[in-house]
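See below for final.txt, which holds compact mmCIF, C-alpha atoms and all ligand atoms.
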# COMPACT_ATOMS: atom_id res chain seq x y z
CA MET A 636 -9.76 29.81 -27.36
CA SER A 637 -8.94 26.31 -26.27
CA LYS A 638 -5.77 24.65 -27.47
CA PHE A 639 -7.47 21.26 -27.20
CA ARG A 640 -9.92 19.36 -29.36
CA TYR A 641 -12.62 17.63 -27.32
CA SER A 642 -14.44 14.32 -27.80
CA VAL A 643 -17.41 12.56 -26.24
CA GLY A 644 -19.23 9.21 -26.53
CA PRO A 645 -22.92 8.62 -27.28
CA TRP A 646 -23.21 6.73 -23.97
CA ASN A 647 -22.51 10.05 -22.21
CA VAL A 648 -26.06 11.10 -23.03
CA ALA A 649 -28.14 8.36 -21.45
CA GLU A 650 -31.51 7.67 -19.94
CA GLY A 651 -30.50 7.76 -16.28
CA ALA A 652 -31.18 4.15 -15.31
CA ASP A 653 -29.02 2.77 -12.51
CA VAL A 654 -28.82 -0.64 -10.84
CA TYR A 655 -31.61 0.39 -8.43
CA GLY A 656 -34.05 2.09 -10.76
CA PRO A 657 -35.26 2.51 -14.32
CA ALA A 658 -34.69 5.27 -16.86
CA THR A 659 -35.73 8.82 -16.02
CA ARG A 660 -35.13 10.40 -19.43
CA ALA A 661 -36.20 9.66 -23.00
CA THR A 662 -33.84 7.99 -25.47
CA ILE A 663 -32.18 10.32 -27.97
CA ALA A 664 -31.30 9.03 -31.44
CA PHE A 665 -27.60 8.72 -32.27
CA ALA A 666 -27.82 11.18 -35.19
CA LYS A 667 -29.42 13.81 -32.94
CA LYS A 668 -26.64 13.32 -30.36
CA VAL A 669 -23.93 13.86 -32.98
CA GLU A 670 -25.62 17.04 -34.19
CA THR A 671 -25.86 18.34 -30.60
CA PHE A 672 -22.26 17.37 -29.77
CA LYS A 673 -21.11 19.47 -32.70
CA ARG A 674 -23.21 22.42 -31.58
CA LEU A 675 -21.78 22.18 -28.06
CA GLY A 676 -18.23 22.46 -29.45
CA PHE A 677 -17.01 18.86 -29.64
CA ASP A 678 -14.76 17.78 -32.51
CA ALA A 679 -14.93 13.99 -32.35
CA VAL A 680 -17.10 11.08 -31.25
CA GLN A 681 -15.87 8.11 -29.22
CA PHE A 682 -17.48 4.80 -30.18
CA HIS A 683 -18.16 1.41 -28.74
CA ASP A 684 -18.24 -1.07 -31.62
CA ASP A 685 -22.00 -1.52 -31.31
CA ASP A 686 -22.63 2.24 -31.03
CA ALA A 687 -21.48 2.28 -34.65
CA VAL A 688 -22.78 -1.15 -35.69
CA PRO A 689 -25.70 -2.28 -33.50
CA GLU A 690 -26.34 -6.04 -33.20
CA ILE A 691 -22.84 -6.70 -34.38
CA ASN A 692 -22.92 -10.45 -33.60
CA GLY A 693 -25.55 -11.17 -36.24
CA LYS A 694 -23.81 -9.23 -39.01
CA SER A 695 -21.46 -10.39 -41.78
CA ALA A 696 -18.20 -8.55 -42.52
CA ALA A 697 -19.90 -6.87 -45.50
CA GLN A 698 -22.86 -5.77 -43.38
CA ILE A 699 -20.53 -4.38 -40.68
CA SER A 700 -18.59 -2.44 -43.27
CA ALA A 701 -21.76 -1.06 -44.90
CA LYS A 702 -23.19 0.12 -41.56
CA ALA A 703 -19.85 1.69 -40.53
CA LYS A 704 -19.69 3.55 -43.86
CA GLU A 705 -23.15 4.98 -43.16
CA VAL A 706 -21.96 6.24 -39.75
CA LYS A 707 -18.85 7.77 -41.33
CA LYS A 708 -21.06 9.68 -43.75
CA LEU A 709 -23.15 11.00 -40.85
CA LEU A 710 -19.98 12.15 -39.05
CA ASP A 711 -18.69 13.81 -42.23
CA ASN A 712 -21.99 15.62 -42.69
CA HIS A 713 -21.56 17.19 -39.25
CA GLY A 714 -17.83 17.85 -39.61
CA MET A 715 -17.08 15.39 -36.81
CA ALA A 716 -14.25 12.82 -36.59
CA ALA A 717 -14.23 9.40 -34.91
CA GLU A 718 -11.65 9.23 -32.11
CA PHE A 719 -11.64 5.51 -31.31
CA VAL A 720 -13.63 2.28 -31.29
CA ALA A 721 -13.90 0.19 -28.10
CA PRO A 722 -15.23 -3.39 -28.25
CA ARG A 723 -18.13 -3.55 -25.77
CA LEU A 724 -17.21 -7.05 -24.63
CA TRP A 725 -18.55 -6.80 -21.09
CA MET A 726 -22.19 -6.79 -22.26
CA ASP A 727 -21.92 -9.98 -24.29
CA GLU A 728 -23.07 -13.41 -23.15
CA HIS A 729 -19.67 -14.85 -24.18
CA CYS A 730 -17.84 -12.59 -21.72
CA ILE A 731 -19.63 -13.34 -18.44
CA ASP A 732 -16.36 -14.63 -16.93
CA GLY A 733 -14.19 -12.03 -18.63
CA ALA A 734 -13.21 -11.64 -22.28
CA TYR A 735 -9.49 -12.01 -23.07
CA THR A 736 -8.93 -13.55 -19.62
CA SER A 737 -11.98 -15.83 -19.55
CA ASN A 738 -11.42 -19.37 -18.36
CA SER A 739 -13.14 -20.54 -21.55
CA ALA A 740 -10.89 -20.85 -24.64
CA ALA A 741 -13.95 -20.49 -26.91
CA ASP A 742 -14.98 -17.26 -25.17
CA ARG A 743 -11.43 -15.87 -25.33
CA LYS A 744 -11.51 -16.53 -29.07
CA TYR A 745 -14.86 -14.77 -29.35
CA ALA A 746 -13.39 -11.73 -27.57
CA ILE A 747 -10.42 -11.55 -29.93
CA ASP A 748 -12.54 -12.05 -33.06
CA ARG A 749 -14.88 -9.28 -31.94
CA SER A 750 -11.92 -6.98 -31.22
CA LEU A 751 -10.69 -7.54 -34.78
CA LYS A 752 -14.16 -6.47 -35.97
CA SER A 753 -13.69 -3.27 -33.95
CA ILE A 754 -10.50 -2.66 -35.92
CA ASP A 755 -12.45 -3.09 -39.18
CA ILE A 756 -15.02 -0.56 -37.93
CA ALA A 757 -12.29 1.88 -36.86
CA ARG A 758 -10.80 1.71 -40.35
CA GLU A 759 -14.18 2.46 -41.93
CA LEU A 760 -14.65 5.40 -39.55
CA GLY A 761 -11.23 6.77 -40.46
CA CYS A 762 -9.52 6.30 -37.10
CA ASP A 763 -6.55 4.27 -35.95
CA LYS A 764 -7.28 3.89 -32.23
CA ILE A 765 -8.85 0.98 -30.37
CA VAL A 766 -9.65 1.48 -26.69
CA LEU A 767 -9.74 -1.52 -24.40
CA TRP A 768 -11.60 -0.91 -21.17
CA LEU A 769 -10.90 -4.28 -19.54
CA ALA A 770 -14.19 -4.40 -17.66
CA ARG A 771 -14.31 -8.06 -16.63
CA GLU A 772 -10.59 -8.90 -16.88
CA GLY A 773 -10.08 -9.88 -13.28
CA THR A 774 -12.03 -11.75 -10.64
CA SER A 775 -14.72 -11.44 -8.04
CA CYS A 776 -13.80 -14.93 -6.75
CA ALA A 777 -10.02 -14.62 -6.46
CA GLU A 778 -9.32 -18.35 -6.83
CA SER A 779 -11.43 -18.70 -9.99
CA LYS A 780 -8.56 -17.81 -12.35
CA ASP A 781 -4.82 -18.30 -12.50
CA PRO A 782 -3.81 -14.61 -12.51
CA VAL A 783 -0.44 -15.18 -14.19
CA VAL A 784 -1.98 -17.20 -17.01
CA ALA A 785 -4.82 -14.68 -17.33
CA ILE A 786 -2.46 -11.72 -17.67
CA LYS A 787 -0.49 -13.61 -20.33
CA HIS A 788 -3.76 -14.21 -22.17
CA LEU A 789 -4.37 -10.46 -22.08
CA VAL A 790 -0.99 -9.83 -23.72
CA GLU A 791 -1.73 -12.51 -26.36
CA ALA A 792 -5.04 -10.83 -27.19
CA VAL A 793 -3.33 -7.45 -27.69
CA ASN A 794 -0.70 -9.19 -29.86
CA ALA A 795 -3.47 -10.67 -32.02
CA MET A 796 -4.83 -7.14 -32.65
CA LEU A 797 -1.36 -5.73 -33.40
CA SER A 798 -0.68 -8.51 -35.92
CA TYR A 799 -4.09 -8.18 -37.58
CA ASP A 800 -3.51 -4.53 -38.47
CA LYS A 801 0.03 -3.20 -38.73
CA THR A 802 -0.83 0.43 -38.03
CA ILE A 803 -3.61 0.20 -35.45
CA LYS A 804 -2.89 1.65 -31.99
CA ILE A 805 -4.22 0.01 -28.84
CA LEU A 806 -5.10 2.26 -25.88
CA ILE A 807 -5.74 0.37 -22.67
CA GLU A 808 -8.06 2.21 -20.24
CA PRO A 809 -7.14 0.99 -16.75
CA LYS A 810 -9.62 0.68 -13.90
CA PRO A 811 -8.96 -1.04 -10.58
CA ASN A 812 -12.44 -2.48 -9.97
CA GLU A 813 -16.08 -2.48 -11.09
CA PRO A 814 -17.63 -4.56 -12.45
CA VAL A 815 -15.00 -7.05 -11.21
CA ASP A 816 -13.63 -6.79 -7.70
CA ARG A 817 -9.97 -7.30 -8.61
CA SER A 818 -8.82 -6.03 -11.97
CA TYR A 819 -5.64 -7.31 -13.63
CA CYS A 820 -4.80 -3.91 -15.08
CA GLY A 821 -5.71 -1.25 -12.54
CA THR A 822 -3.43 1.70 -13.24
CA ILE A 823 -1.51 3.41 -16.03
CA GLY A 824 1.62 1.67 -14.69
CA HIS A 825 0.00 -1.71 -15.35
CA VAL A 826 -0.82 -0.51 -18.86
CA MET A 827 2.87 0.30 -19.44
CA GLY A 828 3.77 -3.19 -18.23
CA VAL A 829 1.34 -4.84 -20.65
CA SER A 830 2.58 -2.57 -23.44
CA ALA A 831 6.20 -3.58 -22.85
CA ALA A 832 5.26 -7.27 -22.99
CA THR A 833 3.59 -7.07 -26.43
CA VAL A 834 5.13 -7.65 -29.84
CA ASP A 835 5.03 -3.91 -30.61
CA PRO A 836 5.14 -1.66 -27.53
CA THR A 837 5.28 1.43 -29.78
CA ARG A 838 1.62 0.81 -30.67
CA VAL A 839 0.26 0.06 -27.20
CA GLY A 840 -0.44 3.00 -24.91
CA GLY A 841 -3.02 4.24 -22.46
CA LEU A 842 -6.20 6.23 -21.98
CA LEU A 843 -6.44 7.62 -18.47
CA GLU A 844 -9.83 8.26 -16.91
CA SER A 845 -9.85 10.59 -13.88
CA ALA A 846 -12.48 8.61 -11.94
CA HIS A 847 -10.66 5.31 -12.49
CA ALA A 848 -7.43 6.76 -11.06
CA ILE A 849 -9.32 8.10 -8.03
CA LEU A 850 -10.90 4.66 -7.52
CA ALA A 851 -7.36 3.27 -7.42
CA GLY A 852 -6.57 5.79 -4.65
CA LEU A 853 -4.27 7.67 -7.03
CA ASP A 854 -4.04 11.25 -8.23
CA PRO A 855 -5.36 11.52 -11.80
CA ALA A 856 -2.94 14.32 -12.72
CA ASN A 857 0.00 12.15 -11.69
CA GLU A 858 -1.39 9.19 -13.63
CA ILE A 859 -1.72 11.45 -16.68
CA ALA A 860 1.85 12.64 -16.07
CA PHE A 861 3.13 9.06 -15.90
CA GLY A 862 1.58 8.25 -19.29
CA LEU A 863 2.98 11.48 -20.75
CA ALA A 864 6.47 10.79 -19.37
CA MET A 865 6.42 7.40 -21.11
CA GLY A 866 5.22 8.98 -24.38
CA LYS A 867 2.14 6.76 -24.22
CA LEU A 868 -0.77 8.94 -23.19
CA TRP A 869 -2.93 8.79 -26.30
CA GLY A 870 -6.31 9.51 -24.74
CA VAL A 871 -7.98 10.82 -21.59
CA HIS A 872 -11.45 10.53 -20.09
CA LEU A 873 -11.81 13.59 -17.92
CA ASN A 874 -14.54 13.40 -15.30
CA ASP A 875 -14.77 13.50 -11.51
CA GLN A 876 -15.41 11.13 -8.63
CA ASN A 877 -16.27 11.67 -4.98
CA GLY A 878 -13.95 9.24 -3.21
CA LEU A 879 -13.86 5.47 -3.18
CA LYS A 880 -17.27 4.23 -4.20
CA PHE A 881 -19.01 3.18 -7.41
CA ASP A 882 -17.77 4.76 -10.63
CA GLN A 883 -19.63 8.06 -10.71
CA ASP A 884 -18.49 9.71 -13.95
CA ARG A 885 -19.33 13.13 -12.47
CA SER A 886 -18.89 16.27 -14.52
CA PHE A 887 -15.25 17.29 -14.78
CA GLY A 888 -14.00 19.40 -11.87
CA VAL A 889 -17.22 19.47 -9.84
CA GLU A 890 -15.92 17.38 -6.93
CA ASN A 891 -12.28 18.44 -6.71
CA LEU A 892 -11.49 21.60 -8.62
CA ARG A 893 -7.78 21.73 -7.69
CA GLN A 894 -7.34 18.14 -8.85
CA GLY A 895 -9.14 19.07 -12.06
CA PHE A 896 -6.86 22.08 -12.48
CA ASN A 897 -3.76 19.94 -12.12
CA GLN A 898 -4.98 17.51 -14.78
CA ILE A 899 -5.47 20.35 -17.26
CA LYS A 900 -2.20 21.97 -16.17
CA VAL A 901 -0.12 18.86 -16.89
CA LEU A 902 -1.86 18.40 -20.26
CA VAL A 903 -1.20 22.04 -21.20
CA GLU A 904 2.42 21.95 -20.02
CA ASN A 905 3.18 18.89 -22.10
CA ASP A 906 1.42 20.10 -25.24
CA TYR A 907 -1.02 17.20 -25.13
CA GLY A 908 -2.87 16.99 -28.42
CA LYS A 909 0.16 17.82 -30.58
CA ASN A 910 -0.09 14.41 -32.26
CA GLY A 911 -3.83 14.70 -32.81
CA GLU A 912 -4.93 13.37 -29.40
CA TYR A 913 -8.33 14.50 -28.14
CA VAL A 914 -9.33 15.55 -24.66
CA GLY A 915 -12.16 13.10 -24.13
CA LEU A 916 -14.92 13.46 -21.57
CA ASP A 917 -16.58 10.43 -19.99
CA VAL A 918 -19.30 12.05 -17.88
CA LYS A 919 -22.79 11.02 -16.90
CA ALA A 920 -25.84 13.16 -16.09
CA MET A 921 -27.30 12.65 -12.62
CA ARG A 922 -30.40 10.43 -12.54
CA THR A 923 -32.41 13.42 -11.26
CA THR A 924 -31.61 15.41 -14.41
CA LYS A 925 -34.65 16.17 -16.57
CA ASP A 926 -34.75 15.73 -20.35
CA SER A 927 -34.47 19.49 -20.79
CA ALA A 928 -31.02 19.44 -19.12
CA GLY A 929 -29.84 16.16 -20.67
CA TYR A 930 -26.67 17.69 -22.16
CA GLU A 931 -25.77 20.12 -19.35
CA HIS A 932 -23.21 17.79 -17.73
CA LEU A 933 -21.36 17.93 -21.08
CA SER A 934 -21.56 21.68 -21.59
CA ASN A 935 -20.64 22.22 -17.92
CA SER A 936 -17.63 19.89 -18.17
CA LEU A 937 -16.45 21.65 -21.31
CA THR A 938 -16.85 25.08 -19.69
CA ILE A 939 -14.98 23.97 -16.56
CA ALA A 940 -12.17 22.38 -18.59
CA LYS A 941 -11.76 25.53 -20.69
CA LEU A 942 -11.82 27.82 -17.64
CA LEU A 943 -9.16 25.63 -16.02
CA GLU A 944 -7.15 25.85 -19.22
CA GLU A 945 -7.20 29.65 -18.85
CA LYS A 946 -6.09 29.29 -15.23
CA ALA A 947 -3.26 26.96 -16.29
CA LEU A 948 -2.07 29.54 -18.82
CA LYS A 949 -2.10 32.22 -16.08
CA PHE A 950 -0.06 30.07 -13.70
CA ASP A 951 2.88 32.15 -12.47
CA TYR A 952 5.94 29.92 -12.95
CA GLY A 953 8.20 32.71 -11.62
CA PHE A 954 6.34 32.71 -8.32
CA GLN A 955 6.35 28.91 -8.28
CA LYS A 956 10.17 28.93 -8.72
CA LYS A 957 10.54 31.46 -5.88
CA CYS A 958 8.40 29.31 -3.58
CA VAL A 959 10.44 26.23 -4.51
CA ALA A 960 13.72 28.11 -3.87
CA GLU A 961 12.43 29.18 -0.46
CA ARG A 962 10.82 25.78 0.10
CA ASN A 963 7.66 27.69 0.96
CA TYR A 964 5.02 25.34 -0.29
CA GLU A 965 2.43 26.92 2.03
CA ALA A 966 2.70 30.08 -0.09
CA LEU A 967 2.58 28.09 -3.31
CA GLU A 968 -0.54 26.23 -2.22
CA MET A 969 -2.28 29.47 -1.21
CA TYR A 970 -1.29 30.98 -4.56
CA VAL A 971 -3.00 28.09 -6.39
CA VAL A 972 -6.17 28.41 -4.28
CA ASN A 973 -6.22 32.17 -4.91
CA LEU A 974 -5.72 31.57 -8.63
CA LEU A 975 -8.74 29.26 -8.65
CA LEU A 976 -10.96 31.38 -6.41
CA ARG A 977 -10.02 34.94 -7.33
CA GLY A 978 -8.38 34.65 -10.77
C1 LIG B 1 -16.19 2.45 -17.89
C2 LIG B 1 -15.71 3.38 -18.88
C3 LIG B 1 -16.09 3.08 -20.29
C4 LIG B 1 -14.99 3.25 -21.24
C5 LIG B 1 -15.32 2.97 -22.66
O1 LIG B 1 -15.89 2.77 -16.60
O2 LIG B 1 -15.07 4.35 -18.56
O3 LIG B 1 -17.15 3.92 -20.66
O4 LIG B 1 -14.52 4.55 -21.19
O5 LIG B 1 -15.55 1.66 -22.91
MN MN B 2 -13.99 5.86 -19.61
Just dump the structure as structure tokens.
Amino acid sequence: MSKFRYSVGPWNVAEGADVYGPATRATIAFAKKVETFKRLGFDAVQFHDDDAVPEINGKSAAQISAKAKEVKKLLDNHGMAAEFVAPRLWMDEHCIDGAYTSNSAADRKYAIDRSLKSIDIARELGCDKIVLWLAREGTSCAESKDPVVAIKHLVEAVNAMLSYDKTIKILIEPKPNEPVDRSYCGTIGHVMGVSAATVDPTRVGGLLESAHAILAGLDPANEIAFGLAMGKLWGVHLNDQNGLKFDQDRSFGVENLRQGFNQIKVLVENDYGKNGEYVGLDVKAMRTTKDSAGYEHLSNSLTIAKLLEEKALKFDYGFQKKCVAERNYEALEMYVVNLLLRG
């Protein structure tokens, strides 16, 4: 029995298109995905704003609210909660040069207005978390933006959200690159810096994605630990990543099992979830996957996470202490490998 509640986004079941080739799987309707997520053992759905309210730009406030209410009803019918809403700014024509850090004042305003709409949607869905994946906040041409001004614009945008709704929480999801080459907010440490600079740091925290930490050359378990130590780890996107390349969103634990174990271990040790946080997955099926296996990356990730949870609970802290006292980390390391391989 897992001590965690798990969440997943509708984009985690996709058609398999990549930048070099078209879709390889059929589209599945949102309602069908929610039903299947529930059956697989998930408790909550993660949303982009336009996952909940498609074609958001053309809709009035009343239309947005009506559509969000419909989605809430669907979630209720399946006994599912909404974990967060994330404005999908990177897809919009106004955000070609970034959103909150765009060089265009009009486009920065668009980005903030749309983020406030995400807050309205979150309220309708019954959740109090907004996730900001800062996809295009940075540069590919380094000299195209004043980085100091841009980072201050980022803080101003978060302040605008905090002032709009006095109880909303903002979770920044850091990523060092992709789609931009140089991100302004690449690690959980950067997130803490932005948080401290806002008008209400108590409502600005982080969501750590394993693959993003690996892309920054960092250990995801330590990044999770940093957020936990600051009391600001309010979400995670567990997945895996084979080294420094494009963002792979592999199934959790399939590339580096020990690293996966240590992420679960630090979450278990610190009673993550005690304030209602979910263990989110952000995993993608391989393009080669057939329709018939279109959810297996999710069920596999869940199984691996739960098995690692069992391993974390079995971890022998007495033996660990002995190894530390003797400074025999060779023995400790072998113990961990044996725990993972033999049980
Ligand atoms: C992108 C990524 C996003 C966010 C949600 O790398 O992880 O899916 O998690 O906007
Ligand atoms: Mn993510």
How would you write, as an mmCIF file with C-alpha atoms, in the coordinates of the input, the set of residues no farther than 9 Å from ligand LIG 1 (chain B) when counting all atoms listed in the file?
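Written out: part13.cif:
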data_model
loop_
_atom_site.group_PDB
_atom_site.id
_atom_site.type_symbol
_atom_site.label_atom_id
_atom_site.label_comp_id
_atom_site.auth_asym_id
_atom_site.auth_seq_id
_atom_site.Cartn_x
_atom_site.Cartn_y
_atom_site.Cartn_z
ATOM 1 C CA GLY A 644 -19.230 9.210 -26.530
ATOM 2 C CA TRP A 646 -23.210 6.730 -23.970
ATOM 3 C CA ASN A 647 -22.510 10.050 -22.210
ATOM 4 C CA GLN A 681 -15.870 8.110 -29.220
ATOM 5 C CA PHE A 682 -17.480 4.800 -30.180
ATOM 6 C CA HIS A 683 -18.160 1.410 -28.740
ATOM 7 C CA VAL A 720 -13.630 2.280 -31.290
ATOM 8 C CA ALA A 721 -13.900 0.190 -28.100
ATOM 9 C CA PRO A 722 -15.230 -3.390 -28.250
ATOM 10 C CA ARG A 723 -18.130 -3.550 -25.770
ATOM 11 C CA VAL A 766 -9.650 1.480 -26.690
ATOM 12 C CA LEU A 767 -9.740 -1.520 -24.400
ATOM 13 C CA TRP A 768 -11.600 -0.910 -21.170
ATOM 14 C CA LEU A 769 -10.900 -4.280 -19.540
ATOM 15 C CA ALA A 770 -14.190 -4.400 -17.660
ATOM 16 C CA GLU A 808 -8.060 2.210 -20.240
ATOM 17 C CA PRO A 809 -7.140 0.990 -16.750
ATOM 18 C CA LYS A 810 -9.620 0.680 -13.900
ATOM 19 C CA GLU A 813 -16.080 -2.480 -11.090
ATOM 20 C CA PRO A 814 -17.630 -4.560 -12.450
ATOM 21 C CA LEU A 842 -6.200 6.230 -21.980
ATOM 22 C CA GLU A 844 -9.830 8.260 -16.910
ATOM 23 C CA ALA A 846 -12.480 8.610 -11.940
ATOM 24 C CA HIS A 847 -10.660 5.310 -12.490
ATOM 25 C CA HIS A 872 -11.450 10.530 -20.090
ATOM 26 C CA ASP A 882 -17.770 4.760 -10.630
ATOM 27 C CA GLN A 883 -19.630 8.060 -10.710
ATOM 28 C CA ASP A 884 -18.490 9.710 -13.950
ATOM 29 C CA LEU A 916 -14.920 13.460 -21.570
ATOM 30 C CA ASP A 917 -16.580 10.430 -19.990
ATOM 31 C CA VAL A 918 -19.300 12.050 -17.880
#
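Ranking A:Leu873, A:Ala746, A:Leu675, A:Leu751 by their shortest atom-to-atom distance to ligand MN 2 (chain B), with only C-alpha atoms and all ligand atoms included, puts A:Leu873 first.
Coordinates place atom CA of Asp951 of chain A at a distance of 26.9 Å from atom CA of Gly915 of chain A.
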Which segment 853-965 of chain A residues have any atom within 12 Å of an atom of segment 702-716 of chain A, and for each, what is the nearest pair of atoms with distance in Å to one decimal, counting all atoms listed in the file, rows sorted by chain and number, as JSON lines?
{"residue": "A:Gly911", "atom": "CA", "partner": "A:Ala716", "partner_atom": "CA", "distance": 11.2}
{"residue": "A:Glu912", "atom": "CA", "partner": "A:Ala716", "partner_atom": "CA", "distance": 11.8}
{"residue": "A:Tyr913", "atom": "CA", "partner": "A:Ala716", "partner_atom": "CA", "distance": 10.5}
Segment 763-843 of chain A residues near segment 732-735 of chain A within 12 Å, closest pair each, using all atoms listed in the file, as JSON lines:
{"residue": "A:Leu767", "atom": "CA", "partner": "A:Tyr735", "partner_atom": "CA", "distance": 10.6}
{"residue": "A:Trp768", "atom": "CA", "partner": "A:Ala734", "partner_atom": "CA", "distance": 10.9}
{"residue": "A:Leu769", "atom": "CA", "partner": "A:Ala734", "partner_atom": "CA", "distance": 8.2}
{"residue": "A:Ala770", "atom": "CA", "partner": "A:Gly733", "partner_atom": "CA", "distance": 7.7}
{"residue": "A:Arg771", "atom": "CA", "partner": "A:Gly733", "partner_atom": "CA", "distance": 4.4}
{"residue": "A:Glu772", "atom": "CA", "partner": "A:Gly733", "partner_atom": "CA", "distance": 5.1}
{"residue": "A:Gly773", "atom": "CA", "partner": "A:Gly733", "partner_atom": "CA", "distance": 7.1}
{"residue": "A:Thr774", "atom": "CA", "partner": "A:Asp732", "partner_atom": "CA", "distance": 8.2}
{"residue": "A:Ser775", "atom": "CA", "partner": "A:Asp732", "partner_atom": "CA", "distance": 9.6}
{"residue": "A:Cys776", "atom": "CA", "partner": "A:Asp732", "partner_atom": "CA", "distance": 10.5}
{"residue": "A:Ser779", "atom": "CA", "partner": "A:Asp732", "partner_atom": "CA", "distance": 9.4}
{"residue": "A:Lys780", "atom": "CA", "partner": "A:Asp732", "partner_atom": "CA", "distance": 9.6}
{"residue": "A:Val784", "atom": "CA", "partner": "A:Tyr735", "partner_atom": "CA", "distance": 11.0}
{"residue": "A:Ala785", "atom": "CA", "partner": "A:Tyr735", "partner_atom": "CA", "distance": 7.9}
{"residue": "A:Ile786", "atom": "CA", "partner": "A:Tyr735", "partner_atom": "CA", "distance": 8.9}
{"residue": "A:Lys787", "atom": "CA", "partner": "A:Tyr735", "partner_atom": "CA", "distance": 9.5}
{"residue": "A:His788", "atom": "CA", "partner": "A:Tyr735", "partner_atom": "CA", "distance": 6.2}
{"residue": "A:Leu789", "atom": "CA", "partner": "A:Tyr735", "partner_atom": "CA", "distance": 5.4}
{"residue": "A:Val790", "atom": "CA", "partner": "A:Tyr735", "partner_atom": "CA", "distance": 8.8}
{"residue": "A:Glu791", "atom": "CA", "partner": "A:Tyr735", "partner_atom": "CA", "distance": 8.4}
{"residue": "A:Ala792", "atom": "CA", "partner": "A:Tyr735", "partner_atom": "CA", "distance": 6.2}
{"residue": "A:Val793", "atom": "CA", "partner": "A:Tyr735", "partner_atom": "CA", "distance": 8.9}
{"residue": "A:Asn794", "atom": "CA", "partner": "A:Tyr735", "partner_atom": "CA", "distance": 11.5}
{"residue": "A:Ala795", "atom": "CA", "partner": "A:Tyr735", "partner_atom": "CA", "distance": 10.9}
{"residue": "A:Met796", "atom": "CA", "partner": "A:Tyr735", "partner_atom": "CA", "distance": 11.7}
{"residue": "A:Pro814", "atom": "CA", "partner": "A:Gly733", "partner_atom": "CA", "distance": 10.3}
{"residue": "A:Val815", "atom": "CA", "partner": "A:Gly733", "partner_atom": "CA", "distance": 9.0}
{"residue": "A:Arg817", "atom": "CA", "partner": "A:Gly733", "partner_atom": "CA", "distance": 11.9}
{"residue": "A:Ser818", "atom": "CA", "partner": "A:Gly733", "partner_atom": "CA", "distance": 10.4}
{"residue": "A:Tyr819", "atom": "CA", "partner": "A:Gly733", "partner_atom": "CA", "distance": 11.0}
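Interatomic distance, atom CA of Ile849 of chain A to atom CA of Gln894 of chain A: 10.3 Å.
Take atom CA of Ala848 of chain A and atom CA of Val903 of chain A: the distance between them is 19.4 Å.
The list of residues with at least one atom within 9 Å of Gln898 of chain A, based on only C-alpha atoms and without residues fewer than 5 positions apart in the same chain, reads A:Ser845, A:Pro855, A:Ala856, A:Asn857, A:Ile859, A:Ala860, A:Leu873, A:Arg893, A:Val903.
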- Of A:Phe950, A:Tyr964, A:Ser642, A:Thr923, the one nearest to ligand MN 2 (chain B) when counting all atoms listed in the file is A:Ser642
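With distances restricted to all atoms listed in the file, A:Leu843 is the closest residue to ligand MN 2 (chain B) from A:Leu843, A:Leu933, A:Ala851, A:Met865.
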- Near-Asp926 of chain A list (8 Å; only C-alpha atoms; drop same-chain fewer than 2 positions) as a ChimeraX atom specification: /A:660-661,924,928-929
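Distance check against ligand MN 2 (chain B) using all atoms listed in the file: of A:Ile754, A:Gly676, A:Gly866, A:Asp875, the minimum falls on A:Asp875.
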If you count only C-alpha atoms, which residues fall within 9 Å of Lys900 of chain A, apart from same-chain ones fewer than 5 positions away, as a CSV table (one decimal) with C-alpha atoms, in the coordinates of the input?
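Wrote part-v7.csv, looks like this:
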chain,number,residue,atom,x,y,z
A,856,ALA,CA,-2.9,14.3,-12.7
A,895,GLY,CA,-9.1,19.1,-12.1
A,905,ASN,CA,3.2,18.9,-22.1
A,943,LEU,CA,-9.2,25.6,-16.0
A,944,GLU,CA,-7.2,25.8,-19.2
A,946,LYS,CA,-6.1,29.3,-15.2
A,947,ALA,CA,-3.3,27.0,-16.3
A,948,LEU,CA,-2.1,29.5,-18.8
A,950,PHE,CA,-0.1,30.1,-13.7
- Message: Measuring between only C-alpha atoms, which one of A:Val688, A:Asn897, A:Pro811, A:Lys764 shows the shortest distance to Gly840 of chain A?
- Response: A:Lys764
N, CA, C and O atoms of segment 881-885 of chain A, written as a PDB file, in the first residue's frame:
ATOM      1  N   PHE A 881      18.090  15.720 -25.493  1.00  0.00           N
ATOM      2  CA  PHE A 881      16.734  16.279 -25.451  1.00  0.00           C
ATOM      3  C   PHE A 881      15.954  15.704 -24.268  1.00  0.00           C
ATOM      4  O   PHE A 881      16.270  14.615 -23.771  1.00  0.00           O
ATOM      5  N   ASP A 882      14.945  16.419 -23.850  1.00  0.00           N
ATOM      6  CA  ASP A 882      14.119  16.015 -22.711  1.00  0.00           C
ATOM      7  C   ASP A 882      13.345  14.755 -23.082  1.00  0.00           C
ATOM      8  O   ASP A 882      12.484  14.781 -23.951  1.00  0.00           O
ATOM      9  N   GLN A 883      13.669  13.643 -22.423  1.00  0.00           N
ATOM     10  CA  GLN A 883      13.126  12.358 -22.863  1.00  0.00           C
ATOM     11  C   GLN A 883      11.845  11.926 -22.155  1.00  0.00           C
ATOM     12  O   GLN A 883      11.093  11.121 -22.701  1.00  0.00           O
ATOM     13  N   ASP A 884      11.648  12.392 -20.941  1.00  0.00           N
ATOM     14  CA  ASP A 884      10.453  11.991 -20.180  1.00  0.00           C
ATOM     15  C   ASP A 884      10.254  10.474 -20.172  1.00  0.00           C
ATOM     16  O   ASP A 884       9.154   9.958 -20.380  1.00  0.00           O
ATOM     17  N   ARG A 885      11.375   9.737 -19.957  1.00  0.00           N
ATOM     18  CA  ARG A 885      11.277   8.271 -19.902  1.00  0.00           C
ATOM     19  C   ARG A 885      10.512   7.830 -18.656  1.00  0.00           C
ATOM     20  O   ARG A 885      10.397   8.567 -17.683  1.00  0.00           O
TER      21      ARG A 885
END
